[in-house]
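Raw contents of data_7.cif, mmCIF, C-alpha atoms and all ligand atoms:
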data_input
#
loop_
_atom_site.group_PDB
_atom_site.id
_atom_site.type_symbol
_atom_site.label_atom_id
_atom_site.label_comp_id
_atom_site.auth_asym_id
_atom_site.auth_seq_id
_atom_site.Cartn_x
_atom_site.Cartn_y
_atom_site.Cartn_z
ATOM 1 C CA MET G 1 -5.165 -16.315 14.726
ATOM 2 C CA PHE G 2 -2.015 -17.902 16.156
ATOM 3 C CA LEU G 3 -2.705 -17.221 19.877
ATOM 4 C CA LEU G 4 0.741 -15.619 20.126
ATOM 5 C CA THR G 5 1.912 -14.858 23.667
ATOM 6 C CA ASP G 6 4.566 -12.307 24.655
ATOM 7 C CA ASP G 7 6.894 -15.273 25.066
ATOM 8 C CA ASP G 8 6.174 -16.405 21.484
ATOM 9 C CA LEU G 9 6.846 -12.897 20.166
ATOM 10 C CA GLY G 10 10.356 -13.074 21.697
ATOM 11 C CA LYS G 11 11.202 -16.174 19.625
ATOM 12 C CA SER G 12 12.851 -16.295 16.204
ATOM 13 C CA ILE G 13 9.883 -16.447 13.839
ATOM 14 C CA LEU G 14 9.384 -17.412 10.203
ATOM 15 C CA GLY G 15 6.258 -16.013 8.521
ATOM 16 C CA CYS G 16 5.579 -18.196 5.512
ATOM 17 C CA GLY G 17 3.354 -16.840 2.725
ATOM 18 C CA ASP G 18 3.204 -13.503 4.549
ATOM 19 C CA GLY G 19 2.292 -11.498 1.436
ATOM 20 C CA PRO G 20 1.822 -7.726 1.753
ATOM 21 C CA ALA G 21 0.933 -7.938 5.464
ATOM 22 C CA SER G 22 2.154 -5.896 8.431
ATOM 23 C CA PHE G 23 3.247 -8.587 10.913
ATOM 24 C CA ASN G 24 6.943 -8.346 10.021
ATOM 25 C CA ALA G 25 6.958 -4.528 10.095
ATOM 26 C CA GLY G 26 5.140 -4.405 13.438
ATOM 27 C CA LEU G 27 7.136 -7.098 15.209
ATOM 28 C CA THR G 28 10.473 -5.765 13.938
ATOM 29 C CA LYS G 29 9.572 -2.287 15.227
ATOM 30 C CA ALA G 30 8.735 -3.828 18.590
ATOM 31 C CA GLY G 31 12.201 -5.441 18.723
ATOM 32 C CA GLY G 32 11.251 -8.953 17.593
ATOM 33 C CA SER G 33 13.047 -11.299 15.213
ATOM 34 C CA VAL G 34 11.061 -12.294 12.129
ATOM 35 C CA ILE G 35 11.761 -13.312 8.536
ATOM 36 C CA SER G 36 8.934 -13.441 5.986
ATOM 37 C CA VAL G 37 9.029 -15.532 2.836
ATOM 38 C CA ASP G 38 6.704 -15.242 -0.128
ATOM 39 C CA PRO G 39 7.150 -15.518 -3.902
ATOM 40 C CA ILE G 40 5.788 -11.977 -4.295
ATOM 41 C CA TYR G 41 8.959 -10.619 -2.677
ATOM 42 C CA ARG G 42 10.730 -11.018 -6.027
ATOM 43 C CA PHE G 43 8.780 -7.895 -7.069
ATOM 44 C CA SER G 44 9.491 -4.253 -6.320
ATOM 45 C CA VAL G 45 7.351 -2.142 -4.029
ATOM 46 C CA ASP G 46 5.742 -0.427 -7.049
ATOM 47 C CA GLU G 47 4.979 -3.752 -8.733
ATOM 48 C CA ILE G 48 3.295 -5.142 -5.595
ATOM 49 C CA ARG G 49 1.410 -1.878 -5.051
ATOM 50 C CA SER G 50 0.069 -1.925 -8.588
ATOM 51 C CA ARG G 51 -0.958 -5.610 -8.288
ATOM 52 C CA VAL G 52 -2.814 -4.840 -5.033
ATOM 53 C CA LYS G 53 -4.620 -1.999 -6.795
ATOM 54 C CA ASP G 54 -5.606 -4.340 -9.642
ATOM 55 C CA VAL G 55 -7.017 -7.111 -7.434
ATOM 56 C CA CYS G 56 -8.629 -5.014 -4.691
ATOM 57 C CA SER G 57 -11.905 -4.473 -6.545
ATOM 58 C CA ASP G 58 -12.108 -8.203 -7.472
ATOM 59 C CA ILE G 59 -11.728 -9.170 -3.819
ATOM 60 C CA VAL G 60 -14.355 -6.641 -2.743
ATOM 61 C CA SER G 61 -16.743 -7.947 -5.369
ATOM 62 C CA GLU G 62 -16.135 -11.608 -4.340
ATOM 63 C CA VAL G 63 -16.760 -10.856 -0.654
ATOM 64 C CA SER G 64 -19.827 -8.750 -1.564
ATOM 65 C CA LYS G 65 -21.332 -11.750 -3.361
ATOM 66 C CA THR G 66 -21.141 -13.963 -0.254
ATOM 67 C CA PRO G 67 -21.402 -11.701 2.828
ATOM 68 C CA ASP G 68 -22.950 -14.557 4.826
ATOM 69 C CA ASP G 69 -19.676 -16.485 4.612
ATOM 70 C CA PHE G 70 -18.089 -13.964 6.999
ATOM 71 C CA ILE G 71 -18.545 -12.831 10.588
ATOM 72 C CA TRP G 72 -19.010 -9.039 10.578
ATOM 73 C CA GLU G 73 -17.926 -8.182 14.130
ATOM 74 C CA SER G 74 -14.433 -6.778 14.594
ATOM 75 C CA ILE G 75 -14.501 -6.115 10.841
ATOM 76 C CA ARG G 76 -17.813 -4.267 10.588
ATOM 77 C CA ASP G 77 -18.491 -4.182 6.854
ATOM 78 C CA ILE G 78 -16.795 -4.240 3.465
ATOM 79 C CA ASP G 79 -15.563 -0.641 3.659
ATOM 80 C CA HIS G 80 -14.013 -1.416 7.030
ATOM 81 C CA LEU G 81 -12.431 -4.599 5.574
ATOM 82 C CA VAL G 82 -10.799 -2.583 2.788
ATOM 83 C CA GLN G 83 -9.613 0.028 5.308
ATOM 84 C CA VAL G 84 -8.097 -2.581 7.664
ATOM 85 C CA ARG G 85 -6.299 -4.361 4.804
ATOM 86 C CA MET G 86 -5.062 -1.109 3.244
ATOM 87 C CA ASP G 87 -3.750 0.103 6.618
ATOM 88 C CA ALA G 88 -1.844 -3.173 7.059
ATOM 89 C CA MET G 89 -0.458 -2.915 3.525
ATOM 90 C CA ALA G 90 0.640 0.680 4.097
ATOM 91 C CA LEU G 91 2.774 -0.531 7.033
ATOM 92 C CA PHE G 92 4.170 -3.304 4.818
ATOM 93 C CA PHE G 93 4.985 -0.928 1.939
ATOM 94 C CA ALA G 94 6.716 1.522 4.285
ATOM 95 C CA ASP G 95 8.921 -1.280 5.649
ATOM 96 C CA TYR G 96 9.452 -3.408 2.532
ATOM 97 C CA GLU G 97 12.602 -1.942 0.953
ATOM 98 C CA GLN G 98 14.443 -1.605 4.251
ATOM 99 C CA GLY G 99 13.263 -5.081 5.264
ATOM 100 C CA LYS G 100 14.464 -6.576 1.995
ATOM 101 C CA MET G 101 17.919 -5.050 2.536
ATOM 102 C CA GLU G 102 17.963 -6.505 6.050
ATOM 103 C CA GLY G 103 16.963 -9.959 4.724
ATOM 104 C CA ARG G 104 13.564 -9.867 6.448
ATOM 105 C CA TYR G 105 11.562 -10.304 3.217
ATOM 106 C CA ILE G 106 12.852 -13.241 1.179
ATOM 107 C CA ASP G 107 11.621 -14.440 -2.206
ATOM 108 C CA ALA G 108 11.100 -18.152 -1.542
ATOM 109 C CA SER G 109 8.310 -20.671 -1.910
ATOM 110 C CA LEU G 110 7.090 -23.807 -0.242
ATOM 111 C CA PRO G 111 7.732 -26.676 -0.506
ATOM 112 C CA GLU G 112 11.448 -25.760 -0.449
ATOM 113 C CA LEU G 113 12.786 -23.085 1.864
ATOM 114 C CA PRO G 114 16.355 -21.737 1.867
ATOM 115 C CA PHE G 115 17.005 -22.273 5.584
ATOM 116 C CA LYS G 116 18.984 -24.691 7.721
ATOM 117 C CA ASP G 117 17.257 -27.331 9.847
ATOM 118 C CA LYS G 118 15.630 -25.737 12.910
ATOM 119 C CA ALA G 119 16.693 -22.213 11.878
ATOM 120 C CA PHE G 120 13.568 -20.844 13.615
ATOM 121 C CA ASP G 121 11.788 -21.419 16.906
ATOM 122 C CA LEU G 122 8.388 -20.867 15.359
ATOM 123 C CA ALA G 123 6.967 -20.901 11.807
ATOM 124 C CA LEU G 124 3.582 -19.315 11.082
ATOM 125 C CA CYS G 125 1.574 -19.867 7.926
ATOM 126 C CA SER G 126 -1.765 -18.127 7.461
ATOM 127 C CA HIS G 127 -4.260 -18.292 4.618
ATOM 128 C CA TYR G 128 -2.183 -20.442 2.299
ATOM 129 C CA LEU G 129 -2.003 -24.171 3.228
ATOM 130 C CA PHE G 130 -5.398 -25.906 3.548
ATOM 131 C CA LEU G 131 -7.237 -22.734 2.425
ATOM 132 C CA TYR G 132 -6.149 -23.396 -1.170
ATOM 133 C CA SER G 133 -6.848 -27.140 -1.054
ATOM 134 C CA SER G 134 -8.412 -26.974 -4.507
ATOM 135 C CA HIS G 135 -5.246 -25.394 -5.968
ATOM 136 C CA LEU G 136 -2.527 -27.329 -4.115
ATOM 137 C CA SER G 137 -2.336 -31.127 -4.084
ATOM 138 C CA LEU G 138 -2.129 -33.326 -1.007
ATOM 139 C CA GLU G 139 1.480 -34.047 -1.953
ATOM 140 C CA GLN G 140 2.267 -30.312 -1.983
ATOM 141 C CA HIS G 141 0.616 -29.954 1.431
ATOM 142 C CA ILE G 142 2.612 -32.854 2.879
ATOM 143 C CA ARG G 143 5.907 -31.624 1.415
ATOM 144 C CA SER G 144 5.192 -28.068 2.615
ATOM 145 C CA MET G 145 4.322 -29.135 6.158
ATOM 146 C CA ASN G 146 7.386 -31.403 6.343
ATOM 147 C CA GLU G 147 9.518 -28.480 5.138
ATOM 148 C CA LEU G 148 8.076 -26.081 7.727
ATOM 149 C CA CYS G 149 8.719 -28.716 10.429
ATOM 150 C CA ARG G 150 12.288 -29.088 9.149
ATOM 151 C CA VAL G 151 13.108 -25.383 9.484
ATOM 152 C CA ALA G 152 11.261 -24.658 12.757
ATOM 153 C CA ASP G 153 10.800 -26.300 16.153
ATOM 154 C CA GLU G 154 7.117 -25.461 16.084
ATOM 155 C CA VAL G 155 4.715 -24.774 13.201
ATOM 156 C CA ARG G 156 1.305 -23.101 13.420
ATOM 157 C CA VAL G 157 -1.121 -23.061 10.504
ATOM 158 C CA TYR G 158 -4.421 -21.174 10.196
ATOM 159 C CA PRO G 159 -7.120 -21.636 8.927
ATOM 160 C CA LEU G 160 -7.870 -25.314 8.347
ATOM 161 C CA VAL G 161 -10.853 -24.651 6.093
ATOM 162 C CA THR G 162 -10.950 -24.206 2.319
ATOM 163 C CA LEU G 163 -12.128 -21.143 0.404
ATOM 164 C CA GLU G 164 -15.548 -22.804 0.470
ATOM 165 C CA SER G 165 -15.377 -22.781 4.318
ATOM 166 C CA LYS G 166 -15.229 -26.591 4.523
ATOM 167 C CA ARG G 167 -12.654 -28.362 6.687
ATOM 168 C CA SER G 168 -9.855 -29.367 4.295
ATOM 169 C CA GLU G 169 -9.854 -33.051 3.395
ATOM 170 C CA PHE G 170 -6.041 -32.934 3.552
ATOM 171 C CA ILE G 171 -5.906 -32.432 7.306
ATOM 172 C CA GLY G 172 -6.280 -36.142 8.168
ATOM 173 C CA PRO G 173 -3.547 -37.377 5.789
ATOM 174 C CA VAL G 174 -1.210 -34.473 6.641
ATOM 175 C CA VAL G 175 -1.594 -35.108 10.383
ATOM 176 C CA SER G 176 -0.936 -38.857 9.863
ATOM 177 C CA GLU G 177 2.241 -38.051 7.941
ATOM 178 C CA LEU G 178 3.454 -35.574 10.571
ATOM 179 C CA THR G 179 2.652 -37.962 13.428
ATOM 180 C CA ASP G 180 4.497 -40.796 11.652
ATOM 181 C CA ASN G 181 7.491 -38.443 11.422
ATOM 182 C CA GLY G 182 7.444 -37.926 15.187
ATOM 183 C CA GLN G 183 5.628 -34.574 15.304
ATOM 184 C CA ASP G 184 3.189 -33.875 18.119
ATOM 185 C CA VAL G 185 0.114 -32.360 16.399
ATOM 186 C CA SER G 186 -2.666 -30.539 18.228
ATOM 187 C CA PHE G 187 -5.665 -28.345 17.353
ATOM 188 C CA HIS G 188 -6.517 -25.054 19.061
ATOM 189 C CA LYS G 189 -9.415 -22.656 18.862
ATOM 190 C CA ALA G 190 -8.192 -19.388 17.314
ATOM 191 C CA LYS G 191 -9.450 -16.040 18.594
ATOM 192 C CA TYR G 192 -9.490 -14.350 15.184
ATOM 193 C CA ARG G 193 -12.918 -14.563 13.607
ATOM 194 C CA PHE G 194 -13.744 -13.523 10.072
ATOM 195 C CA GLN G 195 -14.322 -16.415 7.653
ATOM 196 C CA LYS G 196 -17.146 -18.578 8.955
ATOM 197 C CA GLY G 197 -15.942 -22.028 10.035
ATOM 198 C CA ALA G 198 -12.315 -20.851 10.288
ATOM 199 C CA GLU G 199 -12.081 -21.492 14.001
ATOM 200 C CA GLU G 200 -9.141 -23.825 14.322
ATOM 201 C CA MET G 201 -5.382 -23.576 14.202
ATOM 202 C CA LEU G 202 -3.009 -26.530 13.900
ATOM 203 C CA ILE G 203 0.216 -26.750 15.914
ATOM 204 C CA ALA G 204 2.943 -29.245 15.051
ATOM 205 C CA LYS G 205 5.899 -29.591 17.426
HETATM 206 C C1 LIG C 1 -4.080 -15.173 0.815
HETATM 207 S S1 LIG C 1 -2.428 -14.661 0.899
HETATM 208 C C2 LIG C 1 -2.158 -14.645 2.677
HETATM 209 C C3 LIG C 1 -1.227 -13.562 3.105
HETATM 210 C C4 LIG C 1 -1.032 -13.488 4.629
HETATM 211 N N1 LIG C 1 -0.418 -14.696 5.155
HETATM 212 C C5 LIG C 1 -2.357 -13.242 5.313
HETATM 213 O O1 LIG C 1 -2.848 -14.120 6.011
HETATM 214 O O2 LIG C 1 -2.891 -12.131 5.147
HETATM 215 C C6 LIG C 1 -1.535 -16.096 0.367
HETATM 216 C C7 LIG C 1 -0.048 -15.830 0.190
HETATM 217 O O3 LIG C 1 0.613 -17.056 -0.127
HETATM 218 C C8 LIG C 1 1.668 -16.737 -1.021
HETATM 219 N N2 LIG C 1 2.137 -17.938 -1.707
HETATM 220 C C9 LIG C 1 1.742 -18.429 -2.900
HETATM 221 N N3 LIG C 1 2.445 -19.533 -3.194
HETATM 222 C C10 LIG C 1 3.309 -19.749 -2.174
HETATM 223 C C11 LIG C 1 4.306 -20.734 -1.914
HETATM 224 N N4 LIG C 1 4.532 -21.740 -2.762
HETATM 225 N N5 LIG C 1 5.012 -20.652 -0.755
HETATM 226 C C12 LIG C 1 4.770 -19.635 0.111
HETATM 227 N N6 LIG C 1 3.833 -18.681 -0.084
HETATM 228 C C13 LIG C 1 3.110 -18.735 -1.217
HETATM 229 C C14 LIG C 1 1.028 -15.715 -1.943
HETATM 230 O O4 LIG C 1 1.984 -14.979 -2.677
HETATM 231 C C15 LIG C 1 0.233 -14.873 -0.953
HETATM 232 O O5 LIG C 1 0.966 -13.762 -0.484
#
Once more with this new file: its structure as structure tokens, please.
Amino acid sequence: MFLLTDDDLGKSILGCGDGPASFNAGLTKAGGSVISVDPIYRFSVDEIRSRVKDVCSDIVSEVSKTPDDFIWESIRDIDHLVQVRMDAMALFFADYEQGKMEGRYIDASLPELPFKDKAFDLALCSHYLFLYSSHLSLEQHIRSMNELCRVADEVRVYPLVTLESKRSEFIGPVVSELTDNGQDVSFHKAKYRFQKGAEEMLIAK
């Protein structure tokens, strides 16, 4: 989704809203430098595991209701989707306690992050901003993007569509705000394909 090159993977990376995903575990194992933040990291491994168990069937039932909203290619069907997500979560769970001790999983939330200005080369934020445009206000989007730009030289956000697969109406005003603040904003076609319409990634430098 973020078109990450080998060069990018050698940078100091912030994963914002990383949730129970495997990026941190995988990149750390490969020798990279990454810190993930998410409010769920206030919980223990057992608490997150039990929450995942509770919501898994709801997610499956939501996706089952609207299969035409998704592109069933690299993820073949719903069983495969569950398998892929569970495999990623297993890597996360195996790494979580050690990663917390090493300060790689930090309980923090946008729009305020506990890092110095330009602490990271690159900040990545997937499936949080813009996707939840009906839950987060424009002001929260603007404050969150400004905060990500404060803590990192470069920010990448994916996707730019809402849960209803419509381009978020906040993109225009957020881009204007970032541009006014001196950021260079560009749009790129992502390679990851699952939610229909979720083709673009935003980069702010
Ligand atoms: C749909 S999940 C995406 C997880 C992961 N980035 C991915 O793409 O698979 C959204 C994540 O945003 C996190 N989140 C919610 N509020 C947040 C906030 N204020 N700041 C950062 N992350 C937040 C949630 O806890 C959740 O893990």
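Candidate residues G:Gln83, G:Thr66, G:Ser165, G:Asn181 were compared for distance to Ala198 of chain G, and the nearest is G:Ser165, using only C-alpha atoms.
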Expansion of the PyMOL selection byres (((chain G and resi 186) around 7) and not hetatm) into residues, as a compact mmCIF listing (two decimals) with C-alpha atoms, keeping the file's coordinate frame:
# COMPACT_ATOMS: atom_id res chain seq x y z
CA ASP G 184 3.19 -33.88 18.12
CA VAL G 185 0.11 -32.36 16.40
CA PHE G 187 -5.66 -28.34 17.35
CA HIS G 188 -6.52 -25.05 19.06
CA LEU G 202 -3.01 -26.53 13.90
CA ILE G 203 0.22 -26.75 15.91
CA ALA G 204 2.94 -29.24 15.05
Residue nearest ligand LIG 1 (chain C) - candidates G:Glu139, G:Glu47, G:Asp107, G:Asp54, atoms counted: all atoms listed in the file:
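Between G:Glu139, G:Glu47, G:Asp107, G:Asp54, the residue approaching ligand LIG 1 (chain C) most closely is G:Asp107.
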All residues having an atom within 6 Å of ligand LIG 1 (chain C) (only C-alpha atoms and all ligand atoms) as a PyMOL selection string:
chain G and resi 16-19+21+38-40+109-110+126-128
Original post:
Which polymer residues have any atom within 12 Å of an atom of Arg49 of chain G, counting all atoms listed in the file, with same-chain residues fewer than 2 positions away left out, as an MDAnalysis selection string?
Top reply: chainID G and resid 19:20 40:41 43:47 51:56 86 89:90 92:94 96
Exercise for the section: Report the residues retrieved by the PyMOL selection byres (((chain G and resi 120) around 9) and not hetatm) from the displayed file, expressed as a list in words. Expected result: Lys11, Ser12, Ile13, Leu14, Phe115, Lys116, Asp117, Lys118, Ala119, Asp121, Leu122, Ala123, Val151, Ala152, Asp153 and Glu154 of chain G
Q. When the PyMOL selection byres (((chain G and resi 3) around 7) and not hetatm) is applied to the file above, which residues end up in the set, as a list in words?
A.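 Taken over the shown coordinates, the PyMOL selection byres (((chain G and resi 3) around 7) and not hetatm) returns Met1, Phe2, Leu4, Thr5, Ala190 and Lys191 of chain G.
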Dump as a PDB file, in the coordinates of the input, selection limited to C-alpha atoms:
ATOM      1  CA  MET G   1      -5.165 -16.315  14.726  1.00  0.00           C
ATOM      2  CA  PHE G   2      -2.015 -17.902  16.156  1.00  0.00           C
ATOM      3  CA  LEU G   4       0.741 -15.619  20.126  1.00  0.00           C
ATOM      4  CA  THR G   5       1.912 -14.858  23.667  1.00  0.00           C
ATOM      5  CA  ALA G 190      -8.192 -19.388  17.314  1.00  0.00           C
ATOM      6  CA  LYS G 191      -9.450 -16.040  18.594  1.00  0.00           C
TER       7      LYS G 191
END
Separating atom CA of Arg85 of chain G from atom CA of Met145 of chain G, to the nearest tenth of an Å, is a gap of 27.0 Å
### Task
May I ask for the distance between atom CA of Gly10 of chain G and atom CA of Glu102 of chain G, given in Å to one decimal place?
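Separating atom CA of Gly10 of chain G from atom CA of Glu102 of chain G is a distance of 18.6 Å.
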If you take every atom of segment 141-155 of chain G that the file lists and fit an axis-aligned box around them with 4 Å extra on each side, what centre and edge lengths come out in Å to one decimal, as lines of an AutoDock Vina configuration file?
center_x = 6.9
center_y = -28.8
center_z = 8.8
size_x = 20.5
size_y = 16.2
size_z = 22.7
As a check of understanding: the span from atom CA of Leu124 of chain G to atom CA of Leu9 of chain G is 11.6 Å
**Report entry** Closest of G:Arg104, G:Lys205, G:Lys196, G:Arg42 to Thr162 of chain G - atom-to-atom distances counting all atoms listed in the file
**Finding:**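 Checking each of G:Arg104, G:Lys205, G:Lys196, G:Arg42 against Thr162 of chain G, counting all atoms listed in the file, the winner is G:Lys196.
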*Do you know which residues are at most 6 Å from Tyr105 of chain G counting only C-alpha atoms, after dropping those on the same chain fewer than 5 positions away, and could you put them as a list of chain:residue names?*
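My list of contacting residues is G:Ser36, G:Val37, G:Gly99, G:Lys100.
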Notebook entry, point to check: Can you tell me, as a PyMOL selection string, which residues sit within 10 Å of (-19.5, -14.3, 5.8) in the file's frame, using only C-alpha atoms?
Noted result: chain G and resi 63-72+165+194-197
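Shortest atom-to-atom contact with Asp87 of chain G among G:Ser176, G:Ser74, G:Ser22, G:Glu147: G:Ser22, counting only C-alpha atoms.
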